[in-house]
Amino acid sequence: MKALSVERNTRRFAAAKLMSYASTKKAVEYGPLSLVEIDPPRLPTDEWIRLRTRLAGICGSDLASLTLRTSRYFEPITAFPLTPGHEIVAEIERAEGTTRYVIEPALTCVPRGRPLCRFCSDGMSQLCESITEGTIDEGIQLGYCSSTGGGWAQEFVAHSSQLWAVPSALTDEDAVMIEPLACAIHVALQLDLTNAGSVGIIGAGTVGLTTLSVLRQLYPDLTIVIGARHAAQRNAAQRLGASHVVKPEELNRVGRRLSGAMVKGDWQSHGFDVIFDCIASADSLHDALVSVRPRGSIVLAGMPAKTTVDLAPLWHQEIHLLGSYAYGEEELNATQMQRLGVANKRVNDDQVQRVRTFEIALALMSKLHLGWMVTHTYPLDNYLEAIERASAAGRLDALKVAFDLRRSGNERKQ
Amino acid sequence: MSPRPGFSLEVDRSTPPTLMWHGDGFRLEKLPVGSRVLYPPEPLDPTKDVDGAIEFALTHPVGDSEPLDALLSPDMKLVIAFDDVSLPLPQMKAPDIRQRIIETILEHAASVGVEDVTLIAALALHRRMTETELRHAVGSRVYDSFHPRGRLLQHDAEDEANMVHLGLTEHGEDVELNRHAVEADLLVYVNINLVSMDGGHKSVATGLASYRSIKHHHNVATMVHSRSFMDMHNSELHTSNWRMGRFIKDAGVKIFQIETTLNTNTFPDSFSFLATREWEWTLRERASYLGAKKSLDLAPPWLAREIMHKVRSPYQLTGVHAGEVEEVHKKTLQNVFRQQLVHVEGQSDILTMGLPFIGPYNVNSIMNPILVYCLGLGYLFNMYLKKPLVRQGGVVIMSHPNRPEFDSSFHPSYIDFYDQVLTETTDPRIIESKYEESFARDPWYIHLYRNANAYHGVHPFYMWYWGAHALEHLGGVIIVGGDPGATRRLGFQPASTMTDAIEMATSIVGRDPSLIHLHTPPLLMAEVN
């Protein structure tokens, strides 16, 4: 089968990192990713199923991996050679017809055939203790594990517990946005914002925009300010219900104004109640730290790497910094269920119920239909162009870029 | 030879290109044949004996006021308020007329034995003046005598302890004034009247008031019903100020108003080409124009700005009157119109104007896009009596670089207004209802207004309201040579050349449009029949 494969090749990784400062396309061309003909991954156990990819998104974390801009923290828990791609809508052909599935890519205790660890048994599978064990190689998700392959290939394998059937009302484009939406749901539910005055979102890529969309559903009256640099991002943010869409460098001043804060240098007496940092770079963390109020919170939604940040504001203003990775189960009350469109669960007002994040994402996608955010799709053969566009998505009027492996050419948009 | 009156020149094939301001620089534009260019009257002959005129005004007041000396007594509390740095433009050569008047008043006060004297710069919601600016306005002798003793103050509209709420006018307008002014036995106000909007009851009712009070006339409804706000008899802005002024008088605040008018001798000899009609330029003036233009074009914006802001105007006094506010102001308006009025027959489809480097709110600072908007659509558009120079649905073409540059010390709330308000809407009514209060009450802006040199947080809103009448009246606004992004942010269209701009305007006003150019400097006021 045809697949994009990443080898553990130090020289090519070094070349990619070096070239990435000049040209993403060149970095990928000379880097560890290549289009190859390989055998499809074997089925680890009979609980695993082979699927054919329809659409596979290109995530910021994929791009960072290809140019070695990720933290080396992930190296020991990633198995090479790998096929990237964890935002996947795929299909299984059976005698009775073709069924579409969206994949929950986390490789936790259940897919690995392990007894439930302390976190998985508590509904926090994103913190699974078994990611290096079991019937498959190490790897946190499909796309980072040599045993499973990933979405950037014609085929891959997934455990039956990872499959979520796609309702017919959802397009493939809607479905490929379910994984990013699940991440955003987990981000938005990290804190109870019922009494918050205003929140800021740094970054208007897929993570920022999906976070915005979930926050808006959960809190219809919340003041949400998002920093968006490019026209496509600004338009999308407005469509998704941002209260204010501003230039990224303006976010801090908006937070100051909304909170009526005093300023002296980087010190600000008040600010946003919460900042969602959907970039997680040194600059964005700095902006978050100087824009959030004392005792406010910063939710790190983007994938960070090794970085240098002045933590003085964090210490001086007793700011909370918390990460948000992937998804697992969420505790929802009746209002949240209603607002997120989870209609099939019944709870009283004063109760909460645990629901899988992916289940919430499927329900919410039926309400939001975010397929319009998939602005560009490419065949695998054009992977250099695809990755180049995804790397400069905002500047090139793109939001989500995906590989299109559907057999019908007329389903493809460019 | 007496100064020649203003007139309307019809452009023909032999008419030389017309000089226009373009921010810190100039442009010569060839206007279409048939266009009319409005030239103001030449500078009026100045008062020969300025000190004598001041003395005469103080001893021969108009209206029902007694002479100044009769109003002074040894144990009284005397407060002298004076116009701030927003007047005149550019700052006049020393000695400033305020200094000469204040020194004369102080001599009178000293001769009577008045000891309790306080000077107050009537800032309203403008920025605090710097020491240099204060010294320039009142003179170093007065500054050094009063400032160290805490007797030279700058009005602080946010100092609640030093504001007195006098009550409500019959229209329910709050009248809240500076405590020093209210508690004075005599409040002497020293004004400079550069345009007909200034002076009268507006001096005290606005200059020494609070936001709570000022917002009753500095709002969209008032401004769209001020046609124009340079014509006090048709200006809702003035009607409200006059109500407040009479209320202040009835409340017992005794005001002795001194108003001055200046001629339009605006620039020194090195810039004489600015005041000379183009076809009368001498060889020396042509050379000065070329030299100045080249130098300013080549200079980086900050340097060009610095050069131009260093210019001190050789303004000369054309009148000084003192006494009862309304009677004084009538005399003042006569003088202003004598200097500035030009009769114009009929409106045009297009009005063109070159915008200079300076307006009332960027003295020693940057003319940011909001001030460009205000200078064009607020001030210059409103320089009319009877009817605007441009017809309903017509187009204004302004020439200015309109760079998105801001002075973060003087105009901090302008930056947020530009980035956070104008990105959402340019509709004055929405802006007023949705954002004004939060900017006006913002503690950081208040802190900077009170302790640094920042305009009040609400000030950019007033700039926007100043243009509200023009926005309603016009079919479009084009800025020639303006930064495209900043121009679009204001809701206007950018054009590279005047020819392009006129071509673009035809899509709004139709083919073969009529065009009037408002020639500045100096300032002129059009009476449009």
# chains A, B, ... in the order shown; residues from 1 in each chain; ligands from 1
>>> residues_around(residues="Leu311 in chain A", least_positions_apart="4", cutoff="10 Å", atoms="only C-alpha atoms", output="PyMOL selection string")
chain A and resi 285-286+289+315-316+319
>>> write_last_selection(atoms="C-alpha atoms", output="PDB file, in the first residue's frame")
ATOM      1  CA  LEU A 285       3.256  31.636  27.100  1.00  0.00           C
ATOM      2  CA  HIS A 286       4.736  35.025  27.853  1.00  0.00           C
ATOM      3  CA  LEU A 289       1.337  35.116  31.676  1.00  0.00           C
ATOM      4  CA  TRP A 315       5.030  33.292  40.846  1.00  0.00           C
ATOM      5  CA  HIS A 316       4.173  36.879  41.689  1.00  0.00           C
ATOM      6  CA  ILE A 319      -1.163  32.055  38.318  1.00  0.00           C
TER       7      ILE A 319
END
>>> residues_around(residues="Pro443 in chain B", least_positions_apart="4", cutoff="8 Å", atoms="only C-alpha atoms", output="JSON, numbers by chain")
{"A": [260, 261, 262], "B": [447]}
>>> residues_around(residues="range 73-81 of chain A", least_positions_apart="2", cutoff="9 Å", atoms="only C-alpha atoms", output="list in words")
Ser5, Val6, Glu7, Arg8, Thr70, Ser71, Thr83, Ile131, Thr132, Asp137, Glu138, Gly139, Ile140, Gln141, Tyr144, Cys145, Ser146, Ser147, Gly149 and Ala305 of chain A
>>> interface_residues(of="chain B", to="chain A", cutoff="9 Å", atoms="only C-alpha atoms", output="ChimeraX atom specification")
/B:416,419-420,423-424,438-439,441-445,447
>>> write_last_selection(atoms="C-alpha atoms", output="tab-separated table (two decimals), in the first residue's frame")
chain	number	residue	atom	x	y	z
B	416	ASP	CA	-7.42	50.62	21.96
B	419	ASP	CA	-7.68	48.29	17.50
B	420	GLN	CA	-10.68	47.20	19.48
B	423	THR	CA	-12.29	46.80	13.98
B	424	GLU	CA	-15.88	46.07	15.01
B	438	SER	CA	-16.21	51.43	29.56
B	439	PHE	CA	-13.50	53.63	28.09
B	441	ARG	CA	-14.57	54.80	33.39
B	442	ASP	CA	-11.42	52.77	32.73
B	443	PRO	CA	-9.20	53.27	35.80
B	444	TRP	CA	-5.97	52.98	33.83
B	445	TYR	CA	-6.93	55.71	31.41
B	447	HIS	CA	-4.80	57.25	36.08
>>> closest_residue(among="A:Ile49, A:Ile185, A:Ala282, A:Cys120", to="Gly208 in chain A", atoms="only C-alpha atoms")
A:Ile185
>>> closest_residue(among="B:Val195, B:Leu262, B:Leu448, B:Leu106", to="Arg128 in chain B", atoms="only C-alpha atoms")
B:Leu448
>>> atom_distance(atom1="CA of Ile431 in chain B", atom2="CA of Tyr219 in chain A")
25.0 Å
>>> atom_distance(atom1="CA of Gly123 in chain A", atom2="CA of Gly328 in chain A")
6.1 Å
>>> atom_distance(atom1="CA of Tyr143 in chain B", atom2="CA of Ala109 in chain B")
16.6 Å
>>> residues_around(residues="Phe381 in chain B", least_positions_apart="4", cutoff="12 Å", atoms="only C-alpha atoms", output="JSON list (two decimals) with N, CA and C atoms, in the first residue's frame")
[["chain", "number", "residue", "atom", "x", "y", "z"],
["B", 227, "ARG", "N", -25.20, 71.93, 12.94],
["B", 227, "ARG", "CA", -24.95, 72.10, 11.50],
["B", 227, "ARG", "C", -24.66, 73.54, 11.19],
["B", 228, "SER", "N", -23.49, 74.01, 11.38],
["B", 228, "SER", "CA", -22.40, 73.19, 11.87],
["B", 228, "SER", "C", -22.03, 73.62, 13.28],
["B", 229, "PHE", "N", -21.12, 72.86, 13.88],
["B", 229, "PHE", "CA", -20.72, 73.25, 15.23],
["B", 229, "PHE", "C", -19.79, 74.47, 15.21],
["B", 230, "MET", "N", -19.51, 74.98, 14.01],
["B", 230, "MET", "CA", -18.78, 76.25, 13.91],
["B", 230, "MET", "C", -19.78, 77.42, 13.84],
["B", 350, "ILE", "N", -17.96, 67.19, -4.88],
["B", 350, "ILE", "CA", -16.74, 66.72, -4.21],
["B", 350, "ILE", "C", -16.10, 67.90, -3.47],
["B", 351, "LEU", "N", -15.64, 67.61, -2.26],
["B", 351, "LEU", "CA", -14.88, 68.61, -1.51],
["B", 351, "LEU", "C", -13.49, 68.02, -1.26],
["B", 352, "THR", "N", -12.46, 68.75, -1.69],
["B", 352, "THR", "CA", -11.10, 68.27, -1.44],
["B", 352, "THR", "C", -10.46, 69.13, -0.37],
["B", 353, "MET", "N", -9.56, 68.52, 0.38],
["B", 353, "MET", "CA", -8.85, 69.26, 1.44],
["B", 353, "MET", "C", -7.52, 68.58, 1.73],
["B", 354, "GLY", "N", -6.52, 69.40, 1.96],
["B", 354, "GLY", "CA", -5.24, 68.86, 2.40],
["B", 354, "GLY", "C", -5.17, 68.99, 3.91],
["B", 355, "LEU", "N", -4.81, 67.91, 4.58],
["B", 355, "LEU", "CA", -4.79, 67.95, 6.04],
["B", 355, "LEU", "C", -3.37, 68.17, 6.54],
["B", 373, "TYR", "N", -9.11, 61.64, 10.89],
["B", 373, "TYR", "CA", -10.56, 61.59, 10.66],
["B", 373, "TYR", "C", -11.23, 62.83, 11.25],
["B", 374, "CYS", "N", -10.86, 63.16, 12.49],
["B", 374, "CYS", "CA", -11.52, 64.26, 13.18],
["B", 374, "CYS", "C", -11.18, 65.60, 12.53],
["B", 375, "LEU", "N", -9.93, 65.75, 12.13],
["B", 375, "LEU", "CA", -9.53, 67.02, 11.53],
["B", 375, "LEU", "C", -10.28, 67.24, 10.20],
["B", 376, "GLY", "N", -10.40, 66.16, 9.43],
["B", 376, "GLY", "CA", -11.06, 66.28, 8.13],
["B", 376, "GLY", "C", -12.57, 66.38, 8.25],
["B", 377, "LEU", "N", -13.16, 65.37, 8.86],
["B", 377, "LEU", "CA", -14.63, 65.32, 8.90],
["B", 377, "LEU", "C", -15.22, 66.08, 10.08],
["B", 385, "LEU", "N", -21.11, 77.97, 7.25],
["B", 385, "LEU", "CA", -22.37, 78.52, 7.71],
["B", 385, "LEU", "C", -23.42, 78.15, 6.67],
["B", 387, "LYS", "N", -24.89, 75.91, 4.77],
["B", 387, "LYS", "CA", -24.91, 74.55, 4.19],
["B", 387, "LYS", "C", -23.47, 74.04, 4.07],
["B", 388, "PRO", "N", -23.28, 72.73, 4.14],
["B", 388, "PRO", "CA", -21.93, 72.21, 3.93],
["B", 388, "PRO", "C", -21.46, 72.55, 2.51],
["B", 389, "LEU", "N", -20.15, 72.60, 2.34],
["B", 389, "LEU", "CA", -19.59, 72.90, 1.02],
["B", 389, "LEU", "C", -19.88, 71.79, 0.01],
["B", 390, "VAL", "N", -20.08, 70.60, 0.53],
["B", 390, "VAL", "CA", -20.35, 69.46, -0.36],
["B", 390, "VAL", "C", -21.80, 69.03, -0.15],
["B", 391, "ARG", "N", -22.42, 68.61, -1.22],
["B", 391, "ARG", "CA", -23.85, 68.28, -1.14],
["B", 391, "ARG", "C", -24.08, 66.96, -0.39],
["B", 394, "GLY", "N", -22.44, 63.62, -1.29],
["B", 394, "GLY", "CA", -21.19, 63.93, -1.99],
["B", 394, "GLY", "C", -20.00, 63.22, -1.36],
["B", 395, "VAL", "N", -18.83, 63.57, -1.87],
["B", 395, "VAL", "CA", -17.61, 62.88, -1.44],
["B", 395, "VAL", "C", -16.59, 63.90, -0.94],
["B", 396, "VAL", "N", -15.95, 63.54, 0.17],
["B", 396, "VAL", "CA", -14.80, 64.34, 0.64],
["B", 396, "VAL", "C", -13.52, 63.59, 0.30],
["B", 397, "ILE", "N", -12.59, 64.29, -0.30],
["B", 397, "ILE", "CA", -11.27, 63.71, -0.59],
["B", 397, "ILE", "C", -10.26, 64.46, 0.28],
["B", 398, "MET", "N", -9.56, 63.72, 1.11],
["B", 398, "MET", "CA", -8.58, 64.33, 2.00],
["B", 398, "MET", "C", -7.19, 63.84, 1.60],
["B", 466, "TRP", "N", -17.30, 63.91, 16.52],
["B", 466, "TRP", "CA", -17.08, 65.18, 15.83],
["B", 466, "TRP", "C", -17.34, 65.02, 14.33],
["B", 467, "GLY", "N", -17.09, 63.82, 13.82],
["B", 467, "GLY", "CA", -17.29, 63.59, 12.40],
["B", 467, "GLY", "C", -18.64, 62.95, 12.07],
["B", 468, "ALA", "N", -19.49, 62.80, 13.09],
["B", 468, "ALA", "CA", -20.74, 62.06, 12.88],
["B", 468, "ALA", "C", -21.66, 62.77, 11.87],
["B", 469, "HIS", "N", -21.72, 64.08, 11.94],
["B", 469, "HIS", "CA", -22.57, 64.83, 11.00],
["B", 469, "HIS", "C", -22.07, 64.61, 9.57],
["B", 470, "ALA", "N", -20.77, 64.69, 9.38],
["B", 470, "ALA", "CA", -20.20, 64.48, 8.04],
["B", 470, "ALA", "C", -20.46, 63.05, 7.56],
["B", 471, "LEU", "N", -20.30, 62.09, 8.46],
["B", 471, "LEU", "CA", -20.53, 60.69, 8.08],
["B", 471, "LEU", "C", -21.95, 60.49, 7.57],
["B", 473, "HIS", "N", -23.84, 62.79, 6.30],
["B", 473, "HIS", "CA", -24.10, 63.66, 5.15],
["B", 473, "HIS", "C", -23.46, 63.11, 3.87],
["B", 474, "LEU", "N", -22.31, 62.48, 4.01],
["B", 474, "LEU", "CA", -21.49, 62.15, 2.84],
["B", 474, "LEU", "C", -21.84, 60.79, 2.24],
["B", 477, "VAL", "N", -15.82, 58.84, 1.53],
["B", 477, "VAL", "CA", -14.62, 59.59, 1.91],
["B", 477, "VAL", "C", -13.41, 58.85, 1.33],
["B", 516, "ILE", "N", -15.05, 71.50, -5.11],
["B", 516, "ILE", "CA", -14.54, 72.66, -4.36],
["B", 516, "ILE", "C", -13.33, 72.21, -3.56],
["B", 517, "HIS", "N", -12.29, 73.02, -3.60],
["B", 517, "HIS", "CA", -11.13, 72.74, -2.76],
["B", 517, "HIS", "C", -11.05, 73.78, -1.65],
["B", 518, "LEU", "N", -10.97, 73.28, -0.42],
["B", 518, "LEU", "CA", -10.86, 74.17, 0.74],
["B", 518, "LEU", "C", -9.37, 74.44, 0.94],
["B", 523, "LEU", "N", -6.85, 79.08, 7.86],
["B", 523, "LEU", "CA", -8.22, 78.59, 8.01],
["B", 523, "LEU", "C", -9.22, 79.54, 7.36],
["B", 524, "LEU", "N", -10.27, 78.96, 6.83],
["B", 524, "LEU", "CA", -11.35, 79.81, 6.32],
["B", 524, "LEU", "C", -12.68, 79.19, 6.70],
["B", 525, "MET", "N", -13.68, 80.04, 6.70],
["B", 525, "MET", "CA", -15.03, 79.62, 7.04],
["B", 525, "MET", "C", -15.90, 79.95, 5.83],
["B", 526, "ALA", "N", -16.61, 78.97, 5.30],
["B", 526, "ALA", "CA", -17.39, 79.21, 4.09],
["B", 526, "ALA", "C", -18.84, 79.50, 4.44]]
>>> residues_around(residues="Tyr455 in chain B", least_positions_apart="4", cutoff="6 Å", atoms="only C-alpha atoms", output="list of chain:residue names")
B:His126, B:Arg127, B:Phe410, B:His411, B:Tyr449
>>> write_last_selection(atoms="C-alpha atoms", output="PDB file, in the first residue's frame")
ATOM      1  CA  HIS B 126      -7.536  66.977  27.326  1.00  0.00           C
ATOM      2  CA  ARG B 127      -4.082  65.893  28.374  1.00  0.00           C
ATOM      3  CA  PHE B 410      -0.650  61.128  24.940  1.00  0.00           C
ATOM      4  CA  HIS B 411      -3.195  58.860  23.265  1.00  0.00           C
ATOM      5  CA  TYR B 449      -5.086  61.329  32.441  1.00  0.00           C
TER       6      TYR B 449
END
>>> closest_residue(among="B:Gly482, B:Pro428, B:Gly252, B:Gly346", to="Met223 in chain B", atoms="only C-alpha atoms")
B:Pro428
